[in-house]
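Remarks on the structure that follows.
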Amino acid sequence: MKKWILAVVVCSLVASGCGRLKGTSEPEEQGSKTEETQPATEEEELSVILEVPAGPGKKPVKVKGIYISGYMAGSEGFQDILNKIEGTEINAVVIDVKNDDGRITFAMEDAPTVNEIGATERYIRDIDKLMADLKARGIYTIARVVAFRDPYLAEKKPEWSLKNRDGSIHRDKQGLAWVNPYRTEVWDYLVEVGTEASKAGFDEIQFDYIRFATDSTMKNVVFDEAETKGRSKTDVITEFVKYAYEKLSKEDVFVSADVFGTIIGSKVDADTVGQIYHEMAAHLDYICPMIYPSHYGDGNFGIDHPDTEPYRTIRGALQMSSRDLEAARVEGQHQAIVRPWLQDFTASYLKNYISYGPKEIRAQIQAVYDAGYEEWILWSASNRYTWDGLLTKEAGQAEAEELARTIEAARAASKARRESEEASRALEESSEESGDSSGAEVFQPGTQAQEKPEKETKGQVKPEETLPEETEETKKEARTKPPVVIVTTGSAGN
């Protein structure tokens with residue numbers, strides 16, 4: 001029965017049609033090690049669809065979005081992008097509010113620390129006009145707030161920066177200073193920026209670079225025990241997420257965070273950057289793994305060169321997401337909705353890569369849907385998007401409605417299965433307590449349907465049709481995962 005339900009879900013999704021990179025990147029942690037990847041089981045495939053929207057009083061939106069830099073948002077070129085968005089399935093934009101340089105992209109009157117250090121660089125001259133235009137177009141707005149990579153704040157408030165053993169400000173390989181995630185003053189600064197973004201009208205605050213620096217220069221950094229108080233990197237990142245979520249949720253705004261896709265299933269990578277996927281998800285409305293195919297080393301998910309197979313890479317990454325969150329899920333407790341970042345750029349710096357165009361963009365989106373998720377955001381550091389890879393607004397709405405119906409049906413089927421299993425266990429326990437050892441046959445809920453399938457209807461998938469034959473390709477997927485390489489992405493988001 002479980003196989004039949006899964007087959008219906010997958011077939012329905014297929015029938016419905018249903019990164020940040022800038023310049024040359026290089027590996028930061030050659031020694032990173034990722035745990036072995038196993039194919040998702042049928043229950044794991046189904047488990048992801050049990051997620052339900054969570055958050056404040058605002059109405060959640062199933063986001064299909066693109067990233068916009070602060071510079072672009074304040075330029076005439078943004079009108080061209082908005083005109084291209086018109087009539088497509090895109091319904092959201094992620095706009096830099098605090099960018100990779102640590103600069104605030106519009107004036108904030110009630111932000112004392114922002115104004116004290118002169119962090120504002122007004123790329124967006126009239127934020128009220130911009131927000132009014134976006135709202136009039138029905139576009140969901142997300143404020144991108146770069147967190148702990150902040151060279152401007154680190155220079156203006158050196159006491160808040162990462163420090164080397166000699167007491168000097170730490171700078172990464174690119175010469176950029178980072179602030180210290182253990183400093184609560186930094187937390188309050190980020191909340192200050194997020195609060196002002198919510199007042200400006202943004203629907204959601206999305207933190208990026210919500211992690212520690214990872215390059216080899218970090219070996220020179222020292223942390224004061226008075227600040228760490230015995231807490232690990234993962235402890236403090238999770239604490240910040242919880243703190244920011246509690247503060248900003250009071251502003252009636254959704255809160256999300258970008259995370260490395262490679263931390264899912266890799267304790268080494270998680271400990272290095274300070275991000276534990278399911279723990280962060282417990283304190284967010286949305287968690288946004290950056291699962292760009294170009295970010296995975298050769299052999300991941302049983303794929304020789306992940307960048308060359310966007311569909312399989314995205315689906316493999318989201319299957320790992322499903323397993324990780326399902327293992328941590330506790331009934332009645334909050335867990336963030338997953339909204340992945342997808343790749344809309346060509347990673348020509350890789351030895352083995354392909355050009356990304358409409359086919360590759362659509363393949364990634366299809367993989368999101370086939371993995372049981374409904375939302376996604378495209379990343380292009382240059383804000384040049386593959387418009388031919390997008391559906392029209394009408395086609396996108398029809399696709400979303402079909403996907404929602406499929407997922408709702410699967411939720412109901414999964415609920416019925418769980419109830420049947422619970423009733424079965426209760427009956428067995430009752431029989432054991434009554435001492436019934438007569439050997440009489442005990443009715444098990446659901447067995448009748450297994451022994452006598454319901455009448456076949458047109459288009460119904462037969463149980464025996466749900467198991468594909470093993471091929472060389474499927475054999476590859478069971479291979480052990482090699483080390484994942486954490487890739488730096490220059491000045492555009494991690």
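Letters A, B, ... mark the chains of the structure tokens in the order given; residue numbers begin at 1 per chain; ligand numbers begin at 1, in order shown.
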
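Residues of stretch 371-407 of chain A that DSSP, applied to the backbone, places in helix (DSSP H, G or I): Trp387, Asp388, Gly389, Lys393, Glu394, Ala395, Gly396, Gln397, Ala398, Glu399, Ala400, Glu401, Glu402, Leu403, Ala404, Arg405, Thr406 and Ile407 of chain A.
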
Find the residues near stretch 180-187 of chain A: any atom within 7 Å, counting only C-alpha atoms, skip ones fewer than 2 places away on the same chain, and give them as a ChimeraX atom specification. /A:148,160-162,178,189-191,227-228,236,240

Could you pull the residues within 7 Å of A:Arg144, counting only C-alpha atoms, minus those fewer than 6 positions along the same chain, as a PyMOL selection string? chain A and resi 94-98+205-208

Identify, on the basis of only C-alpha atoms, every residue whose closest approach to A:Ala147 does not exceed 6 Å; exclude the query and any residue fewer than 2 positions from it along the same chain; express the result as a PyMOL selection string. chain A and resi 149+208-210

Close residues, A:Lys359 itself excluded, 12 Å, only C-alpha atoms, min 2 positions apart in chain, as a list in words: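 Here the qualifying residues turn out to be Thr308, Glu309, Pro310, Tyr311, Asp344, Ile354, Ser355, Tyr356, Gly357, Ile361, Arg362, Ala363, Gln364, Ile365, Gln366, Thr386, Trp387, Asp388, Gly389 and Leu390 of chain A.
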
Any idea what's packed within 12 Å of A:Ser249, counting only C-alpha atoms, ignoring anything in its chain fewer than 4 positions away? Could you give it as a short mmCIF file (atom, residue, chain, number, x, y, z; two decimals) with C-alpha atoms, in the first residue's frame?
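To be explicit, this is the file written out as around.cif:
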data_model
loop_
_atom_site.label_atom_id
_atom_site.label_comp_id
_atom_site.auth_asym_id
_atom_site.auth_seq_id
_atom_site.Cartn_x
_atom_site.Cartn_y
_atom_site.Cartn_z
CA ALA A 54 4.00 28.11 10.48
CA GLY A 55 4.67 31.65 11.52
CA PRO A 56 3.07 34.87 12.70
CA GLY A 57 -0.27 36.35 11.70
CA LYS A 58 0.82 37.18 8.17
CA VAL A 191 17.79 42.52 15.03
CA GLY A 194 15.67 43.38 10.69
CA THR A 195 13.19 45.43 12.71
CA SER A 198 9.94 45.05 8.73
CA ASP A 203 7.19 40.51 4.59
CA GLU A 204 10.18 38.43 5.67
CA ILE A 205 13.67 38.85 7.11
CA VAL A 241 18.64 32.05 15.46
CA LYS A 242 16.33 31.51 18.42
CA TYR A 243 17.00 35.01 19.76
CA ALA A 244 16.41 36.75 16.42
CA TYR A 245 13.31 34.70 15.73
CA VAL A 253 7.25 39.35 10.02
CA PHE A 254 8.43 35.93 8.89
CA VAL A 255 12.03 34.92 9.66
CA SER A 256 14.26 32.70 7.52
CA HIS A 283 13.51 28.38 15.38
CA LEU A 284 12.65 29.64 11.90
CA ASP A 285 9.64 30.00 9.66
#

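The closest residue to A:Glu251, picked from A:Ala143, A:Met218, A:Ala281, A:Ala197 and counting only C-alpha atoms, is A:Ala197.
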
Write out as CSV a residue-level contact list of stretch 202-232 of chain A versus stretch 163-167 of chain A with cut-off 6 Å: for each qualifying residue the closest pair of atoms and the distance in Å to one decimal, counting only C-alpha atoms, rows sorted by chain and residue number upward.
residue,atom,partner,partner_atom,distance
A:Asn220,CA,A:Asn164,CA,5.3
A:Val221,CA,A:Asn164,CA,4.4
A:Val222,CA,A:Arg165,CA,5.8

Would you mind exporting N, CA and C atoms of the selected residues as a compact mmCIF listing (two decimals), in the first residue's frame?
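Now in again_17.txt:
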# COMPACT_ATOMS: atom_id res chain seq x y z
N ASN A 220 44.06 31.01 13.15
CA ASN A 220 44.70 32.10 13.90
C ASN A 220 43.75 32.80 14.87
N VAL A 221 42.47 32.48 14.79
CA VAL A 221 41.47 33.16 15.61
C VAL A 221 41.42 32.56 17.00
N VAL A 222 41.28 33.43 18.00
CA VAL A 222 41.11 32.97 19.38
C VAL A 222 39.80 33.54 19.91

Selected residue of minimal separation from A:Pro289 among A:Asp252, A:Glu429, A:Glu402, A:Asp258, counting only C-alpha atoms: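 Checking each candidate against A:Pro289, we get A:Asp258 as the closest.
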
For each of A:Leu130, A:Val268, A:Val273, A:Val338, take the minimum atom-to-atom distance to A:Gln79, counting only C-alpha atoms, then give the residue where this is smallest. A:Leu130

Would you mind telling me which residue in A:Leu176, A:Met108, A:Ala416, A:Leu134 lies nearest to A:Glu155 when using only C-alpha atoms? A:Leu176
